[in-house]
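Below is one structure, written out as structure tokens; the observations come after it.
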Amino acid sequence: GTYTFYDCSSLKNVELHYGLQTLGANCFASCTSLKSINIPSSVLVLGGHCFSHCTDLSSVRIPSSITSFGEFCFSNCSNLLDVDIEDGLVELGKYCFNQCEGIKSIKIPSSIKGLSSGCFCWCTSLTSIDIPSSVTSFGDDCFWYCKSLEHFQIPQSVTSLGAHCFGHCENLTKIEIPTSITALSDGCFEECSSIENIDIPQTVTYLGHSCFYN
């Protein structure tokens with residue numbers, strides 16, 4: 001159900017048994033003392049805001065049984081350091097890891113086709129992300145305020161960059177844009193004040209409003 005353990009602020013550990021299929025919206029939201037959780041491989045869906053504001057949660061494993069999780073699923077899990085997403089997940093919910101300020105690196109499974117809007121927004125410690133060739137699009141605000149990103153190579157498979165995709169990545173010095181990109185959306189690299197090198201391929205025929213505004 002929804003709000004099942006909402007705001008159980010003293011809850012530290014939960015063991016969920018095999019057979020459970022859904023963790024509903026806001027299921028563990030604001031469980032500020034929750035440190036770890038074992039999501040069984042029978043679970044198919046994580047609802048929106050499922051673990052949002054679990055500020056003590058340090059690690060999570062997403063089993064291959066889960067094909068999607070809702071928006072803001074792990075939003076504001078400020079101490080989340082280790083995220084293991086098994087191959088099988090098809091869709092990342094919007095703003096799913098918004099303000100997960102502890103994540104330094106993450107590997108996206110090859111089952112993912114696109115990065116949703118704001119999925120890594122305000123991940124201020126993120127320095128590296130392993131993106132497979134299955135990914136074809138980055139949503140709006142995808143890496144907004146990822147202040148620790150310094151170098152980013154967009155895979156050749158990506159054909160679409162959303163608005164403000166890399167906005168306020170203030171330490172980004174180099175960006176590699178593949179020939180698969182034909183347009184740079186509004187504010188795509190706004191306030192990226194440290195960019196020293198950028199090679200815009202001839203395939204790009206449109207530069208959006210305030211694309212490189214600084």
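Starting from 1 in every chain, residues are counted up; chains themselves are A, B, ... following the order of the structure tokens, and ligands are numbered from 1 as listed.
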
Mind checking which residues fall within 10 Å of region 58-67 of chain A, counting only C-alpha atoms, ignoring those fewer than 4 positions away in the same chain, and posting them as a PDB file with N, CA, C and O atoms, in the first residue's frame?
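Everything below was put into around_24.pdb:
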```
ATOM      1  N   GLN A  21       5.371  -7.959  -4.142  1.00  0.00           N
ATOM      2  CA  GLN A  21       5.503  -7.537  -5.542  1.00  0.00           C
ATOM      3  C   GLN A  21       5.573  -6.025  -5.729  1.00  0.00           C
ATOM      4  O   GLN A  21       6.134  -5.563  -6.721  1.00  0.00           O
ATOM      5  N   THR A  22       5.005  -5.272  -4.813  1.00  0.00           N
ATOM      6  CA  THR A  22       4.953  -3.818  -4.986  1.00  0.00           C
ATOM      7  C   THR A  22       5.276  -3.097  -3.683  1.00  0.00           C
ATOM      8  O   THR A  22       4.768  -3.463  -2.625  1.00  0.00           O
ATOM      9  N   LEU A  34      16.492   4.966   8.564  1.00  0.00           N
ATOM     10  CA  LEU A  34      16.651   3.733   7.800  1.00  0.00           C
ATOM     11  C   LEU A  34      18.034   3.681   7.167  1.00  0.00           C
ATOM     12  O   LEU A  34      18.396   4.556   6.386  1.00  0.00           O
ATOM     13  N   LYS A  35      18.807   2.630   7.522  1.00  0.00           N
ATOM     14  CA  LYS A  35      20.181   2.527   7.040  1.00  0.00           C
ATOM     15  C   LYS A  35      20.336   1.535   5.899  1.00  0.00           C
ATOM     16  O   LYS A  35      21.190   1.700   5.029  1.00  0.00           O
ATOM     17  N   SER A  36      19.536   0.488   5.921  1.00  0.00           N
ATOM     18  CA  SER A  36      19.655  -0.519   4.871  1.00  0.00           C
ATOM     19  C   SER A  36      18.320  -1.206   4.646  1.00  0.00           C
ATOM     20  O   SER A  36      17.467  -1.239   5.532  1.00  0.00           O
ATOM     21  N   ILE A  37      18.158  -1.734   3.449  1.00  0.00           N
ATOM     22  CA  ILE A  37      16.949  -2.477   3.126  1.00  0.00           C
ATOM     23  C   ILE A  37      17.270  -3.499   2.043  1.00  0.00           C
ATOM     24  O   ILE A  37      18.046  -3.220   1.133  1.00  0.00           O
ATOM     25  N   ASN A  38      16.707  -4.667   2.187  1.00  0.00           N
ATOM     26  CA  ASN A  38      16.885  -5.719   1.194  1.00  0.00           C
ATOM     27  C   ASN A  38      15.607  -5.832   0.381  1.00  0.00           C
ATOM     28  O   ASN A  38      14.576  -6.266   0.907  1.00  0.00           O
ATOM     29  N   ILE A  39      15.678  -5.427  -0.871  1.00  0.00           N
ATOM     30  CA  ILE A  39      14.505  -5.510  -1.743  1.00  0.00           C
ATOM     31  C   ILE A  39      14.518  -6.880  -2.404  1.00  0.00           C
ATOM     32  O   ILE A  39      15.436  -7.188  -3.172  1.00  0.00           O
ATOM     33  N   PRO A  40      13.538  -7.734  -2.116  1.00  0.00           N
ATOM     34  CA  PRO A  40      13.536  -9.090  -2.687  1.00  0.00           C
ATOM     35  C   PRO A  40      13.319  -9.090  -4.193  1.00  0.00           C
ATOM     36  O   PRO A  40      12.729  -8.155  -4.753  1.00  0.00           O
ATOM     37  N   SER A  41      13.773 -10.133  -4.842  1.00  0.00           N
ATOM     38  CA  SER A  41      13.698 -10.216  -6.300  1.00  0.00           C
ATOM     39  C   SER A  41      12.293 -10.502  -6.816  1.00  0.00           C
ATOM     40  O   SER A  41      12.089 -10.626  -8.022  1.00  0.00           O
ATOM     41  N   SER A  42      11.322 -10.587  -5.905  1.00  0.00           N
ATOM     42  CA  SER A  42       9.923 -10.745  -6.325  1.00  0.00           C
ATOM     43  C   SER A  42       9.264  -9.397  -6.599  1.00  0.00           C
ATOM     44  O   SER A  42       8.216  -9.324  -7.245  1.00  0.00           O
ATOM     45  N   VAL A  43       9.895  -8.311  -6.120  1.00  0.00           N
ATOM     46  CA  VAL A  43       9.324  -6.967  -6.276  1.00  0.00           C
ATOM     47  C   VAL A  43       9.436  -6.515  -7.728  1.00  0.00           C
ATOM     48  O   VAL A  43      10.510  -6.597  -8.336  1.00  0.00           O
ATOM     49  N   LEU A  44       8.321  -6.031  -8.266  1.00  0.00           N
ATOM     50  CA  LEU A  44       8.260  -5.599  -9.662  1.00  0.00           C
ATOM     51  C   LEU A  44       8.252  -4.080  -9.809  1.00  0.00           C
ATOM     52  O   LEU A  44       8.724  -3.550 -10.809  1.00  0.00           O
ATOM     53  N   VAL A  45       7.694  -3.392  -8.817  1.00  0.00           N
ATOM     54  CA  VAL A  45       7.492  -1.941  -8.935  1.00  0.00           C
ATOM     55  C   VAL A  45       7.839  -1.228  -7.626  1.00  0.00           C
ATOM     56  O   VAL A  45       7.484  -1.698  -6.544  1.00  0.00           O
ATOM     57  N   LEU A  46       8.554  -0.102  -7.757  1.00  0.00           N
ATOM     58  CA  LEU A  46       8.758   0.819  -6.642  1.00  0.00           C
ATOM     59  C   LEU A  46       7.954   2.078  -6.940  1.00  0.00           C
ATOM     60  O   LEU A  46       8.151   2.709  -7.980  1.00  0.00           O
ATOM     61  N   CYS A  54      14.974   9.454   2.876  1.00  0.00           N
ATOM     62  CA  CYS A  54      15.593   8.470   3.780  1.00  0.00           C
ATOM     63  C   CYS A  54      17.049   8.896   3.912  1.00  0.00           C
ATOM     64  O   CYS A  54      17.938   8.363   3.233  1.00  0.00           O
ATOM     65  N   PHE A  74      14.125   7.939  -4.922  1.00  0.00           N
ATOM     66  CA  PHE A  74      15.189   8.033  -3.914  1.00  0.00           C
ATOM     67  C   PHE A  74      15.609   9.492  -3.696  1.00  0.00           C
ATOM     68  O   PHE A  74      16.719   9.764  -3.233  1.00  0.00           O
ATOM     69  N   CYS A  77      17.886  11.360  -0.653  1.00  0.00           N
ATOM     70  CA  CYS A  77      18.621  10.372   0.142  1.00  0.00           C
ATOM     71  C   CYS A  77      20.070  10.857   0.182  1.00  0.00           C
ATOM     72  O   CYS A  77      20.917  10.372  -0.574  1.00  0.00           O
ATOM     73  N   SER A  78      20.326  11.812   1.030  1.00  0.00           N
ATOM     74  CA  SER A  78      21.565  12.582   0.977  1.00  0.00           C
ATOM     75  C   SER A  78      22.812  11.782   1.340  1.00  0.00           C
ATOM     76  O   SER A  78      23.929  12.181   1.004  1.00  0.00           O
ATOM     77  N   ASN A  79      22.669  10.639   2.021  1.00  0.00           N
ATOM     78  CA  ASN A  79      23.823   9.821   2.381  1.00  0.00           C
ATOM     79  C   ASN A  79      23.925   8.544   1.552  1.00  0.00           C
ATOM     80  O   ASN A  79      24.727   7.662   1.867  1.00  0.00           O
ATOM     81  N   LEU A  80      23.131   8.461   0.497  1.00  0.00           N
ATOM     82  CA  LEU A  80      23.184   7.296  -0.377  1.00  0.00           C
ATOM     83  C   LEU A  80      24.497   7.315  -1.168  1.00  0.00           C
ATOM     84  O   LEU A  80      24.764   8.252  -1.916  1.00  0.00           O
ATOM     85  N   LEU A  81      25.317   6.270  -0.979  1.00  0.00           N
ATOM     86  CA  LEU A  81      26.632   6.214  -1.612  1.00  0.00           C
ATOM     87  C   LEU A  81      26.721   5.130  -2.676  1.00  0.00           C
ATOM     88  O   LEU A  81      27.339   5.318  -3.716  1.00  0.00           O
ATOM     89  N   ASP A  82      26.108   3.984  -2.394  1.00  0.00           N
ATOM     90  CA  ASP A  82      26.265   2.817  -3.257  1.00  0.00           C
ATOM     91  C   ASP A  82      24.920   2.427  -3.860  1.00  0.00           C
ATOM     92  O   ASP A  82      24.001   2.041  -3.132  1.00  0.00           O
ATOM     93  N   VAL A  83      24.811   2.523  -5.182  1.00  0.00           N
ATOM     94  CA  VAL A  83      23.587   2.149  -5.890  1.00  0.00           C
ATOM     95  C   VAL A  83      23.928   1.070  -6.902  1.00  0.00           C
ATOM     96  O   VAL A  83      24.726   1.292  -7.810  1.00  0.00           O
ATOM     97  N   ASP A  84      23.332  -0.105  -6.738  1.00  0.00           N
ATOM     98  CA  ASP A  84      23.575  -1.225  -7.645  1.00  0.00           C
ATOM     99  C   ASP A  84      22.270  -1.527  -8.385  1.00  0.00           C
ATOM    100  O   ASP A  84      21.323  -2.045  -7.793  1.00  0.00           O
ATOM    101  N   ILE A  85      22.229  -1.161  -9.660  1.00  0.00           N
ATOM    102  CA  ILE A  85      21.030  -1.393 -10.468  1.00  0.00           C
ATOM    103  C   ILE A  85      21.288  -2.570 -11.383  1.00  0.00           C
ATOM    104  O   ILE A  85      22.125  -2.497 -12.282  1.00  0.00           O
ATOM    105  N   GLU A  86      20.577  -3.659 -11.169  1.00  0.00           N
ATOM    106  CA  GLU A  86      20.763  -4.844 -11.997  1.00  0.00           C
ATOM    107  C   GLU A  86      20.073  -4.685 -13.348  1.00  0.00           C
ATOM    108  O   GLU A  86      19.110  -3.930 -13.484  1.00  0.00           O
ATOM    109  N   ASP A  87      20.589  -5.383 -14.331  1.00  0.00           N
ATOM    110  CA  ASP A  87      20.018  -5.340 -15.669  1.00  0.00           C
ATOM    111  C   ASP A  87      18.587  -5.858 -15.631  1.00  0.00           C
ATOM    112  O   ASP A  87      18.318  -6.911 -15.076  1.00  0.00           O
ATOM    113  N   GLY A  88      17.677  -5.103 -16.183  1.00  0.00           N
ATOM    114  CA  GLY A  88      16.256  -5.443 -16.157  1.00  0.00           C
ATOM    115  C   GLY A  88      15.400  -4.191 -16.048  1.00  0.00           C
ATOM    116  O   GLY A  88      14.289  -4.125 -16.579  1.00  0.00           O
ATOM    117  N   LEU A  89      15.946  -3.174 -15.367  1.00  0.00           N
ATOM    118  CA  LEU A  89      15.241  -1.905 -15.235  1.00  0.00           C
ATOM    119  C   LEU A  89      15.153  -1.221 -16.588  1.00  0.00           C
ATOM    120  O   LEU A  89      16.157  -1.075 -17.292  1.00  0.00           O
ATOM    121  N   VAL A  90      13.947  -0.818 -16.981  1.00  0.00           N
ATOM    122  CA  VAL A  90      13.710  -0.197 -18.282  1.00  0.00           C
ATOM    123  C   VAL A  90      13.583   1.317 -18.159  1.00  0.00           C
ATOM    124  O   VAL A  90      14.011   2.063 -19.031  1.00  0.00           O
ATOM    125  N   GLU A  91      13.019   1.770 -17.055  1.00  0.00           N
ATOM    126  CA  GLU A  91      12.712   3.198 -16.922  1.00  0.00           C
ATOM    127  C   GLU A  91      13.114   3.733 -15.557  1.00  0.00           C
ATOM    128  O   GLU A  91      12.786   3.152 -14.525  1.00  0.00           O
ATOM    129  N   LEU A  92      13.839   4.841 -15.578  1.00  0.00           N
ATOM    130  CA  LEU A  92      14.156   5.584 -14.357  1.00  0.00           C
ATOM    131  C   LEU A  92      13.099   6.665 -14.180  1.00  0.00           C
ATOM    132  O   LEU A  92      12.888   7.475 -15.080  1.00  0.00           O
ATOM    133  N   GLY A 102      25.470  12.210  -2.017  1.00  0.00           N
ATOM    134  CA  GLY A 102      26.602  11.357  -1.689  1.00  0.00           C
ATOM    135  C   GLY A 102      27.068  10.481  -2.832  1.00  0.00           C
ATOM    136  O   GLY A 102      28.195   9.961  -2.794  1.00  0.00           O
ATOM    137  N   ILE A 103      26.239  10.297  -3.855  1.00  0.00           N
ATOM    138  CA  ILE A 103      26.598   9.404  -4.962  1.00  0.00           C
ATOM    139  C   ILE A 103      27.767   9.997  -5.758  1.00  0.00           C
ATOM    140  O   ILE A 103      27.684  11.109  -6.267  1.00  0.00           O
ATOM    141  N   PRO A 109      22.388   0.220 -16.268  1.00  0.00           N
ATOM    142  CA  PRO A 109      22.314  -1.076 -16.968  1.00  0.00           C
ATOM    143  C   PRO A 109      21.915  -0.921 -18.426  1.00  0.00           C
ATOM    144  O   PRO A 109      21.281   0.069 -18.809  1.00  0.00           O
ATOM    145  N   SER A 111      19.710  -2.272 -20.041  1.00  0.00           N
ATOM    146  CA  SER A 111      18.263  -2.374 -20.276  1.00  0.00           C
ATOM    147  C   SER A 111      17.590  -1.008 -20.340  1.00  0.00           C
ATOM    148  O   SER A 111      16.451  -0.878 -20.810  1.00  0.00           O
ATOM    149  N   ILE A 112      18.294   0.029 -19.889  1.00  0.00           N
ATOM    150  CA  ILE A 112      17.749   1.393 -19.878  1.00  0.00           C
ATOM    151  C   ILE A 112      17.871   2.022 -21.263  1.00  0.00           C
ATOM    152  O   ILE A 112      18.929   1.971 -21.895  1.00  0.00           O
TER     153      ILE A 112
END
```

Practice prompt. Please identify which residues in region 22-196 of chain A DSSP calls strand (DSSP E or B) from the backbone, and express them as a PyMOL selection string.
Written response: chain A and resi 22-23+36-38+45-46+59-62+68-69+82-85+91-92+105-107+114-115+128-130+137-138+151-153+160-161+174-176+183-184

Discussion item. Please determine, counting only C-alpha atoms, which residue among A:Gln156, A:Thr127, A:Ser10, A:Ser75 has the shortest atom-to-atom distance to Thr179 (chain A).
Written reply: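 Closest residue, counting only C-alpha atoms: A:Gln156.
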
Fill in: Straight-line distance linking CA of Ser30 (chain A) with CA of Thr4 (chain A), stated in Å to one decimal
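CA of Thr4 (chain A) lies 11.4 Å from CA of Ser30 (chain A).
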
Fill in: Shortest interatomic distance to Thr203 (chain A) - which of A:Val158, A:Ser52, A:Pro178, A:Glu190, counting only C-alpha atoms
A:Pro178

Practice prompt. With a distance cut-off of 8 Å and only C-alpha atoms, select the neighbouring residues of region 191-199 of chain A, excluding the residue or stretch itself and same-chain residues fewer than 6 positions from it, and output the selection as number ranges by chain.
Written response: A: 166-177, 212-214
